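Participant: This one is start03.cif, mmCIF, C-alpha atoms.
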data_run
#
loop_
_atom_site.group_PDB
_atom_site.id
_atom_site.type_symbol
_atom_site.label_atom_id
_atom_site.label_comp_id
_atom_site.auth_asym_id
_atom_site.auth_seq_id
_atom_site.Cartn_x
_atom_site.Cartn_y
_atom_site.Cartn_z
ATOM 1 C CA MET A 1 35.739 54.900 -37.641
ATOM 2 C CA ASP A 2 39.227 54.714 -36.252
ATOM 3 C CA ILE A 3 40.884 57.999 -37.201
ATOM 4 C CA GLU A 4 44.233 57.152 -35.599
ATOM 5 C CA LYS A 5 44.485 53.804 -37.418
ATOM 6 C CA THR A 6 43.479 55.539 -40.648
ATOM 7 C CA LYS A 7 46.271 58.103 -40.141
ATOM 8 C CA GLU A 8 48.712 55.242 -39.463
ATOM 9 C CA TYR A 9 47.582 53.453 -42.626
ATOM 10 C CA TYR A 10 48.255 56.510 -44.788
ATOM 11 C CA ALA A 11 51.531 57.303 -43.000
ATOM 12 C CA GLN A 12 52.951 53.866 -43.855
ATOM 13 C CA LEU A 13 51.683 54.014 -47.448
ATOM 14 C CA ASP A 14 54.484 55.134 -49.799
ATOM 15 C CA TYR A 15 53.846 56.905 -53.052
ATOM 16 C CA SER A 16 55.635 54.036 -54.798
ATOM 17 C CA ASP A 17 52.777 51.804 -53.560
ATOM 18 C CA LEU A 18 50.306 53.790 -55.678
ATOM 19 C CA CYS A 19 49.539 53.344 -59.356
ATOM 20 C CA GLN A 20 52.336 54.874 -61.416
ATOM 21 C CA CYS A 21 50.395 55.639 -64.603
ATOM 22 C CA ASP A 22 50.496 59.250 -65.813
ATOM 23 C CA ASP A 23 46.862 59.936 -64.925
ATOM 24 C CA CYS A 24 47.291 58.709 -61.342
ATOM 25 C CA LYS A 25 50.526 60.668 -60.953
ATOM 26 C CA ASN A 26 48.612 63.734 -62.175
ATOM 27 C CA TYR A 27 45.928 63.092 -59.549
ATOM 28 C CA VAL A 28 48.488 62.791 -56.740
ATOM 29 C CA LYS A 29 50.235 65.975 -57.856
ATOM 30 C CA LYS A 30 47.146 68.178 -58.272
ATOM 31 C CA ILE A 31 44.269 66.961 -56.088
ATOM 32 C CA LYS A 32 45.210 68.699 -52.826
ATOM 33 C CA ALA A 33 45.558 72.202 -54.290
ATOM 34 C CA SER A 34 42.620 71.785 -56.676
ATOM 35 C CA TYR A 35 40.129 70.565 -54.059
ATOM 36 C CA PRO A 36 41.120 72.100 -50.693
ATOM 37 C CA LEU A 37 37.628 71.709 -49.179
ATOM 38 C CA ILE A 38 37.605 67.993 -50.021
ATOM 39 C CA ASP A 39 41.124 67.691 -48.577
ATOM 40 C CA ASP A 40 39.989 69.356 -45.342
ATOM 41 C CA TYR A 41 36.963 67.082 -45.133
ATOM 42 C CA LEU A 42 38.898 63.865 -45.733
ATOM 43 C CA SER A 43 41.670 64.924 -43.341
ATOM 44 C CA GLN A 44 39.225 64.902 -40.431
ATOM 45 C CA PHE A 45 38.947 61.125 -40.930
ATOM 46 C CA GLY A 46 42.725 60.677 -41.175
ATOM 47 C CA ILE A 47 42.727 60.303 -44.979
ATOM 48 C CA ASP A 48 45.607 61.615 -47.076
ATOM 49 C CA ILE A 49 43.917 62.898 -50.239
ATOM 50 C CA THR A 50 47.150 62.413 -52.217
ATOM 51 C CA LYS A 51 47.102 58.633 -51.649
ATOM 52 C CA PRO A 52 43.993 57.211 -53.335
ATOM 53 C CA PHE A 53 43.261 53.496 -53.178
ATOM 54 C CA GLU A 54 41.765 53.539 -56.673
ATOM 55 C CA THR A 55 40.921 56.086 -59.383
ATOM 56 C CA ALA A 56 39.054 55.940 -62.689
ATOM 57 C CA PRO A 57 40.458 58.600 -65.037
ATOM 58 C CA VAL A 58 39.100 59.417 -68.479
ATOM 59 C CA ASP A 59 40.124 62.173 -70.852
ATOM 60 C CA PHE A 60 37.534 64.934 -70.600
ATOM 61 C CA ASP A 61 39.086 67.263 -73.149
ATOM 62 C CA GLU A 62 42.589 68.171 -74.327
ATOM 63 C CA GLU A 63 43.389 69.988 -71.073
ATOM 64 C CA THR A 64 41.373 68.113 -68.454
ATOM 65 C CA ILE A 65 41.138 64.637 -66.987
ATOM 66 C CA MET A 66 37.851 63.649 -65.396
ATOM 67 C CA TYR A 67 38.217 61.112 -62.620
ATOM 68 C CA LEU A 68 34.904 59.273 -62.540
ATOM 69 C CA MET A 69 35.806 58.383 -58.970
ATOM 70 C CA ALA A 70 38.628 58.208 -56.481
ATOM 71 C CA GLN A 71 38.444 55.780 -53.577
ATOM 72 C CA TYR A 72 39.989 55.903 -50.111
ATOM 73 C CA ILE A 73 40.293 53.397 -47.285
ATOM 74 C CA VAL A 74 39.018 54.280 -43.811
ATOM 75 C CA MET A 75 39.952 52.020 -40.912
ATOM 76 C CA GLY A 76 37.316 50.846 -38.435
ATOM 77 C CA GLU A 77 33.566 50.457 -38.810
ATOM 78 C CA SER A 78 31.498 52.819 -40.937
ATOM 79 C CA ASP A 79 29.313 53.867 -37.976
ATOM 80 C CA GLY A 80 29.012 57.619 -37.911
ATOM 81 C CA PHE A 81 30.086 58.229 -41.491
ATOM 82 C CA GLU A 82 27.466 60.143 -43.446
ATOM 83 C CA ASN A 83 27.339 60.536 -47.189
ATOM 84 C CA THR A 84 27.824 64.163 -48.158
ATOM 85 C CA LYS A 85 28.323 66.554 -51.043
ATOM 86 C CA ILE A 86 30.850 69.373 -51.159
ATOM 87 C CA ASN A 87 30.283 71.723 -54.070
ATOM 88 C CA ASP A 88 29.738 69.273 -56.956
ATOM 89 C CA VAL A 89 31.648 66.342 -55.429
ATOM 90 C CA GLU A 90 29.741 63.441 -53.872
ATOM 91 C CA ILE A 91 31.400 61.578 -50.979
ATOM 92 C CA PHE A 92 29.923 58.229 -49.965
ATOM 93 C CA ILE A 93 30.636 54.682 -48.824
ATOM 94 C CA THR A 94 31.016 52.283 -51.725
ATOM 95 C CA GLU A 95 30.787 48.512 -51.866
ATOM 96 C CA SER A 96 32.138 48.464 -55.425
ATOM 97 C CA HIS A 97 35.938 48.454 -55.176
ATOM 98 C CA PRO A 98 38.932 46.166 -55.659
ATOM 99 C CA MET A 99 39.903 43.820 -52.837
ATOM 100 C CA THR A 100 41.864 45.676 -50.182
ATOM 101 C CA SER A 101 43.713 42.709 -48.597
ATOM 102 C CA ILE A 102 43.219 44.418 -45.219
ATOM 103 C CA THR A 103 42.104 41.964 -42.548
ATOM 104 C CA GLU A 104 40.998 44.375 -39.818
ATOM 105 C CA PRO A 105 37.704 46.315 -39.976
ATOM 106 C CA HIS A 106 37.674 49.010 -42.658
ATOM 107 C CA PHE A 107 35.508 50.477 -45.377
ATOM 108 C CA VAL A 108 36.012 52.332 -48.653
ATOM 109 C CA ILE A 109 34.678 55.764 -49.501
ATOM 110 C CA GLU A 110 34.398 57.251 -52.938
ATOM 111 C CA ILE A 111 34.558 60.841 -54.161
ATOM 112 C CA CYS A 112 33.225 61.822 -57.567
ATOM 113 C CA PRO A 113 33.512 63.409 -59.997
ATOM 114 C CA VAL A 114 36.876 65.179 -59.923
ATOM 115 C CA TYR A 115 38.254 67.318 -62.745
ATOM 116 C CA LEU A 116 41.981 68.096 -62.905
ATOM 117 C CA LYS A 117 44.137 69.853 -65.464
ATOM 118 C CA LYS A 118 46.593 67.625 -67.294
ATOM 119 C CA ASN A 119 50.307 68.075 -66.655
#
Write the structure described by the file as structure tokens, please.
Facilitator:
Amino acid sequence: MDIEKTKEYYAQLDYSDLCQCDDCKNYVKKIKASYPLIDDYLSQFGIDITKPFETAPVDFDEETIMYLMAQYIVMGESDGFENTKINDVEIFITESHPMTSITEPHFVIEICPVYLKKN
């Protein structure tokens, strides 16, 4: 893993580069405060939890959106990354993701499931 390159990647990524649907905007707005332990964990790898690469939201009930997964890019090789679980959220490397268009070494991690209140 290259933590510095990962930090640089997220620093150059603008919120306008992210999906602008209401569910993704809700994720960006609420994920950090709702899952502080996950934020702390991802931050150690240089990941900005408010800038997901991909999400999969579904309505859970009238007040909650369940995100079946949220994916994040990590620069470098996956050596040293270990799958983990924090509370009820799984964090692991995934091979199932959209094309990243990044040419240098990187991998994609996934967190799931995530439940957030609707706006």
Participant: Can you pull out the residues contacting Lys32 in chain A? Cut-off 8 Å, using all atoms listed in the file, and skip same-chain residues under 5 positions away; I want them as number ranges by chain.
Facilitator: A: 39, 49-50
Participant: Which residues match the PyMOL selection byres ((chain A and resi 112) around 10) in the file above, as a VMD selection string?
Facilitator: chain A and resid 55 to 56 66 to 71 85 88 to 92 110 to 111 113 to 115
Participant: State, in Å with one decimal place, the distance from CA of Cys19 in chain A to CA of Ile31 in chain A.
Facilitator: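 We find that CA of Cys19 in chain A and CA of Ile31 in chain A lie 15.0 Å from each other.
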Participant: Mind telling me what the PyMOL selection byres ((chain A and resi 48) around 10) catches here, as a ChimeraX atom specification?
Facilitator: /A:6-7,9-11,13,32,39-40,42-47,49-52,72-73
Participant: Keeping only C-alpha atoms, write the selected residues as a short mmCIF file (atom, residue, chain, number, x, y, z; two decimals), keeping the file's coordinate frame.
Facilitator:
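Okay, this is what ended up in out-v1.cif:
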data_model
loop_
_atom_site.label_atom_id
_atom_site.label_comp_id
_atom_site.auth_asym_id
_atom_site.auth_seq_id
_atom_site.Cartn_x
_atom_site.Cartn_y
_atom_site.Cartn_z
CA THR A 6 43.48 55.54 -40.65
CA LYS A 7 46.27 58.10 -40.14
CA TYR A 9 47.58 53.45 -42.63
CA TYR A 10 48.26 56.51 -44.79
CA ALA A 11 51.53 57.30 -43.00
CA LEU A 13 51.68 54.01 -47.45
CA LYS A 32 45.21 68.70 -52.83
CA ASP A 39 41.12 67.69 -48.58
CA ASP A 40 39.99 69.36 -45.34
CA LEU A 42 38.90 63.86 -45.73
CA SER A 43 41.67 64.92 -43.34
CA GLN A 44 39.22 64.90 -40.43
CA PHE A 45 38.95 61.12 -40.93
CA GLY A 46 42.72 60.68 -41.18
CA ILE A 47 42.73 60.30 -44.98
CA ILE A 49 43.92 62.90 -50.24
CA THR A 50 47.15 62.41 -52.22
CA LYS A 51 47.10 58.63 -51.65
CA PRO A 52 43.99 57.21 -53.34
CA TYR A 72 39.99 55.90 -50.11
CA ILE A 73 40.29 53.40 -47.28
#
Participant: Between CA of Val74 in chain A and CA of Glu95 in chain A, what is the spacing in Å?
Facilitator: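 Separation of CA of Glu95 in chain A and CA of Val74 in chain A: 12.9 Å.
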Participant: How many Å lie between CA of Thr84 in chain A and CA of Tyr41 in chain A, rounded to one decimal?
Facilitator: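 CA of Thr84 in chain A sits 10.1 Å away from CA of Tyr41 in chain A.
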Participant: Counting all atoms listed in the file, figure out which residue out of A:Lys118, A:Lys5, A:Lys25, A:Lys30 gets nearest to Pro105 in chain A.
Facilitator: A:Lys5
Participant: To verify the selection step, state as a PyMOL selection string which residues the PyMOL selection byres ((chain A and resi 104) around 8) yields on this input.
Facilitator: chain A and resi 75-76+102-103+105-106
Participant: Determine the nearest neighbour of Glu54 in chain A from the options A:Asp2, A:Asp79, A:Asp23, A:Glu8, counting all atoms listed in the file.
Facilitator: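 Among A:Asp2, A:Asp79, A:Asp23, A:Glu8, it is A:Asp23 that comes nearest to Glu54 in chain A.
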Participant: Would you mind completing range 41-76 of chain A so that it carries N, CA and C atoms, and writing it out as a PDB file, keeping the file's coordinate frame?
Facilitator:
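Result file rebuild-v5.pdb:
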ATOM      1  N   TYR A  41      37.988  68.032 -45.575  1.00  0.00           N
ATOM      2  CA  TYR A  41      36.963  67.082 -45.133  1.00  0.00           C
ATOM      3  C   TYR A  41      37.557  65.696 -44.896  1.00  0.00           C
ATOM      4  N   LEU A  42      38.318  65.202 -45.866  1.00  0.00           N
ATOM      5  CA  LEU A  42      38.898  63.865 -45.733  1.00  0.00           C
ATOM      6  C   LEU A  42      39.919  63.804 -44.604  1.00  0.00           C
ATOM      7  N   SER A  43      40.651  64.878 -44.400  1.00  0.00           N
ATOM      8  CA  SER A  43      41.670  64.924 -43.341  1.00  0.00           C
ATOM      9  C   SER A  43      41.067  64.684 -41.967  1.00  0.00           C
ATOM     10  N   GLN A  44      39.835  65.104 -41.745  1.00  0.00           N
ATOM     11  CA  GLN A  44      39.225  64.902 -40.431  1.00  0.00           C
ATOM     12  C   GLN A  44      39.013  63.424 -40.107  1.00  0.00           C
ATOM     13  N   PHE A  45      39.065  62.571 -41.123  1.00  0.00           N
ATOM     14  CA  PHE A  45      38.947  61.125 -40.930  1.00  0.00           C
ATOM     15  C   PHE A  45      40.313  60.437 -40.945  1.00  0.00           C
ATOM     16  N   GLY A  46      41.376  61.236 -41.126  1.00  0.00           N
ATOM     17  CA  GLY A  46      42.725  60.677 -41.175  1.00  0.00           C
ATOM     18  C   GLY A  46      43.179  60.299 -42.568  1.00  0.00           C
ATOM     19  N   ILE A  47      42.429  60.673 -43.589  1.00  0.00           N
ATOM     20  CA  ILE A  47      42.727  60.303 -44.979  1.00  0.00           C
ATOM     21  C   ILE A  47      43.688  61.308 -45.600  1.00  0.00           C
ATOM     22  N   ASP A  48      44.696  60.787 -46.280  1.00  0.00           N
ATOM     23  CA  ASP A  48      45.607  61.615 -47.076  1.00  0.00           C
ATOM     24  C   ASP A  48      45.074  61.635 -48.500  1.00  0.00           C
ATOM     25  N   ILE A  49      44.557  62.782 -48.923  1.00  0.00           N
ATOM     26  CA  ILE A  49      43.917  62.898 -50.239  1.00  0.00           C
ATOM     27  C   ILE A  49      44.877  62.570 -51.383  1.00  0.00           C
ATOM     28  N   THR A  50      46.175  62.675 -51.158  1.00  0.00           N
ATOM     29  CA  THR A  50      47.150  62.413 -52.217  1.00  0.00           C
ATOM     30  C   THR A  50      47.496  60.928 -52.356  1.00  0.00           C
ATOM     31  N   LYS A  51      46.815  60.066 -51.590  1.00  0.00           N
ATOM     32  CA  LYS A  51      47.102  58.633 -51.649  1.00  0.00           C
ATOM     33  C   LYS A  51      45.822  57.821 -51.871  1.00  0.00           C
ATOM     34  N   PRO A  52      45.234  57.944 -53.073  1.00  0.00           N
ATOM     35  CA  PRO A  52      43.993  57.211 -53.335  1.00  0.00           C
ATOM     36  C   PRO A  52      44.232  55.710 -53.437  1.00  0.00           C
ATOM     37  N   PHE A  53      43.234  54.950 -53.037  1.00  0.00           N
ATOM     38  CA  PHE A  53      43.261  53.496 -53.178  1.00  0.00           C
ATOM     39  C   PHE A  53      43.035  53.115 -54.638  1.00  0.00           C
ATOM     40  N   GLU A  54      42.130  53.838 -55.282  1.00  0.00           N
ATOM     41  CA  GLU A  54      41.765  53.539 -56.673  1.00  0.00           C
ATOM     42  C   GLU A  54      41.246  54.814 -57.324  1.00  0.00           C
ATOM     43  N   THR A  55      41.506  54.986 -58.624  1.00  0.00           N
ATOM     44  CA  THR A  55      40.921  56.086 -59.383  1.00  0.00           C
ATOM     45  C   THR A  55      40.411  55.539 -60.713  1.00  0.00           C
ATOM     46  N   ALA A  56      39.573  56.318 -61.366  1.00  0.00           N
ATOM     47  CA  ALA A  56      39.054  55.940 -62.689  1.00  0.00           C
ATOM     48  C   ALA A  56      39.119  57.167 -63.596  1.00  0.00           C
ATOM     49  N   PRO A  57      40.300  57.420 -64.187  1.00  0.00           N
ATOM     50  CA  PRO A  57      40.458  58.600 -65.037  1.00  0.00           C
ATOM     51  C   PRO A  57      39.994  58.365 -66.469  1.00  0.00           C
ATOM     52  N   VAL A  58      39.422  59.415 -67.047  1.00  0.00           N
ATOM     53  CA  VAL A  58      39.100  59.417 -68.479  1.00  0.00           C
ATOM     54  C   VAL A  58      39.423  60.812 -69.013  1.00  0.00           C
ATOM     55  N   ASP A  59      39.865  60.864 -70.246  1.00  0.00           N
ATOM     56  CA  ASP A  59      40.124  62.173 -70.852  1.00  0.00           C
ATOM     57  C   ASP A  59      38.799  62.903 -71.015  1.00  0.00           C
ATOM     58  N   PHE A  60      38.742  64.120 -70.490  1.00  0.00           N
ATOM     59  CA  PHE A  60      37.534  64.934 -70.600  1.00  0.00           C
ATOM     60  C   PHE A  60      37.637  65.826 -71.828  1.00  0.00           C
ATOM     61  N   ASP A  61      38.765  66.495 -71.959  1.00  0.00           N
ATOM     62  CA  ASP A  61      39.086  67.263 -73.149  1.00  0.00           C
ATOM     63  C   ASP A  61      40.607  67.331 -73.240  1.00  0.00           C
ATOM     64  N   GLU A  62      41.137  68.149 -74.123  1.00  0.00           N
ATOM     65  CA  GLU A  62      42.589  68.171 -74.327  1.00  0.00           C
ATOM     66  C   GLU A  62      43.354  68.669 -73.112  1.00  0.00           C
ATOM     67  N   GLU A  63      42.698  69.407 -72.229  1.00  0.00           N
ATOM     68  CA  GLU A  63      43.389  69.988 -71.073  1.00  0.00           C
ATOM     69  C   GLU A  63      42.985  69.387 -69.734  1.00  0.00           C
ATOM     70  N   THR A  64      41.947  68.561 -69.719  1.00  0.00           N
ATOM     71  CA  THR A  64      41.373  68.113 -68.454  1.00  0.00           C
ATOM     72  C   THR A  64      41.189  66.598 -68.421  1.00  0.00           C
ATOM     73  N   ILE A  65      41.457  66.042 -67.253  1.00  0.00           N
ATOM     74  CA  ILE A  65      41.138  64.637 -66.987  1.00  0.00           C
ATOM     75  C   ILE A  65      39.973  64.621 -66.009  1.00  0.00           C
ATOM     76  N   MET A  66      38.953  63.853 -66.333  1.00  0.00           N
ATOM     77  CA  MET A  66      37.851  63.649 -65.396  1.00  0.00           C
ATOM     78  C   MET A  66      38.096  62.307 -64.711  1.00  0.00           C
ATOM     79  N   TYR A  67      38.110  62.345 -63.396  1.00  0.00           N
ATOM     80  CA  TYR A  67      38.217  61.112 -62.620  1.00  0.00           C
ATOM     81  C   TYR A  67      36.796  60.754 -62.208  1.00  0.00           C
ATOM     82  N   LEU A  68      36.270  59.689 -62.826  1.00  0.00           N
ATOM     83  CA  LEU A  68      34.904  59.273 -62.540  1.00  0.00           C
ATOM     84  C   LEU A  68      34.725  59.014 -61.053  1.00  0.00           C
ATOM     85  N   MET A  69      35.815  58.572 -60.413  1.00  0.00           N
ATOM     86  CA  MET A  69      35.806  58.383 -58.970  1.00  0.00           C
ATOM     87  C   MET A  69      37.241  58.253 -58.485  1.00  0.00           C
ATOM     88  N   ALA A  70      37.398  58.524 -57.206  1.00  0.00           N
ATOM     89  CA  ALA A  70      38.628  58.208 -56.481  1.00  0.00           C
ATOM     90  C   ALA A  70      38.174  57.578 -55.174  1.00  0.00           C
ATOM     91  N   GLN A  71      38.849  56.509 -54.771  1.00  0.00           N
ATOM     92  CA  GLN A  71      38.444  55.780 -53.577  1.00  0.00           C
ATOM     93  C   GLN A  71      39.537  55.843 -52.517  1.00  0.00           C
ATOM     94  N   TYR A  72      39.090  55.821 -51.261  1.00  0.00           N
ATOM     95  CA  TYR A  72      39.989  55.903 -50.111  1.00  0.00           C
ATOM     96  C   TYR A  72      39.561  54.900 -49.048  1.00  0.00           C
ATOM     97  N   ILE A  73      40.541  54.349 -48.364  1.00  0.00           N
ATOM     98  CA  ILE A  73      40.293  53.397 -47.285  1.00  0.00           C
ATOM     99  C   ILE A  73      40.180  54.150 -45.965  1.00  0.00           C
ATOM    100  N   VAL A  74      39.199  53.748 -45.165  1.00  0.00           N
ATOM    101  CA  VAL A  74      39.018  54.280 -43.811  1.00  0.00           C
ATOM    102  C   VAL A  74      39.024  53.079 -42.866  1.00  0.00           C
ATOM    103  N   MET A  75      39.853  53.130 -41.857  1.00  0.00           N
ATOM    104  CA  MET A  75      39.952  52.020 -40.912  1.00  0.00           C
ATOM    105  C   MET A  75      38.814  52.104 -39.893  1.00  0.00           C
ATOM    106  N   GLY A  76      38.397  50.936 -39.406  1.00  0.00           N
ATOM    107  CA  GLY A  76      37.316  50.846 -38.435  1.00  0.00           C
ATOM    108  C   GLY A  76      35.983  50.566 -39.100  1.00  0.00           C
TER     109      GLY A  76
END
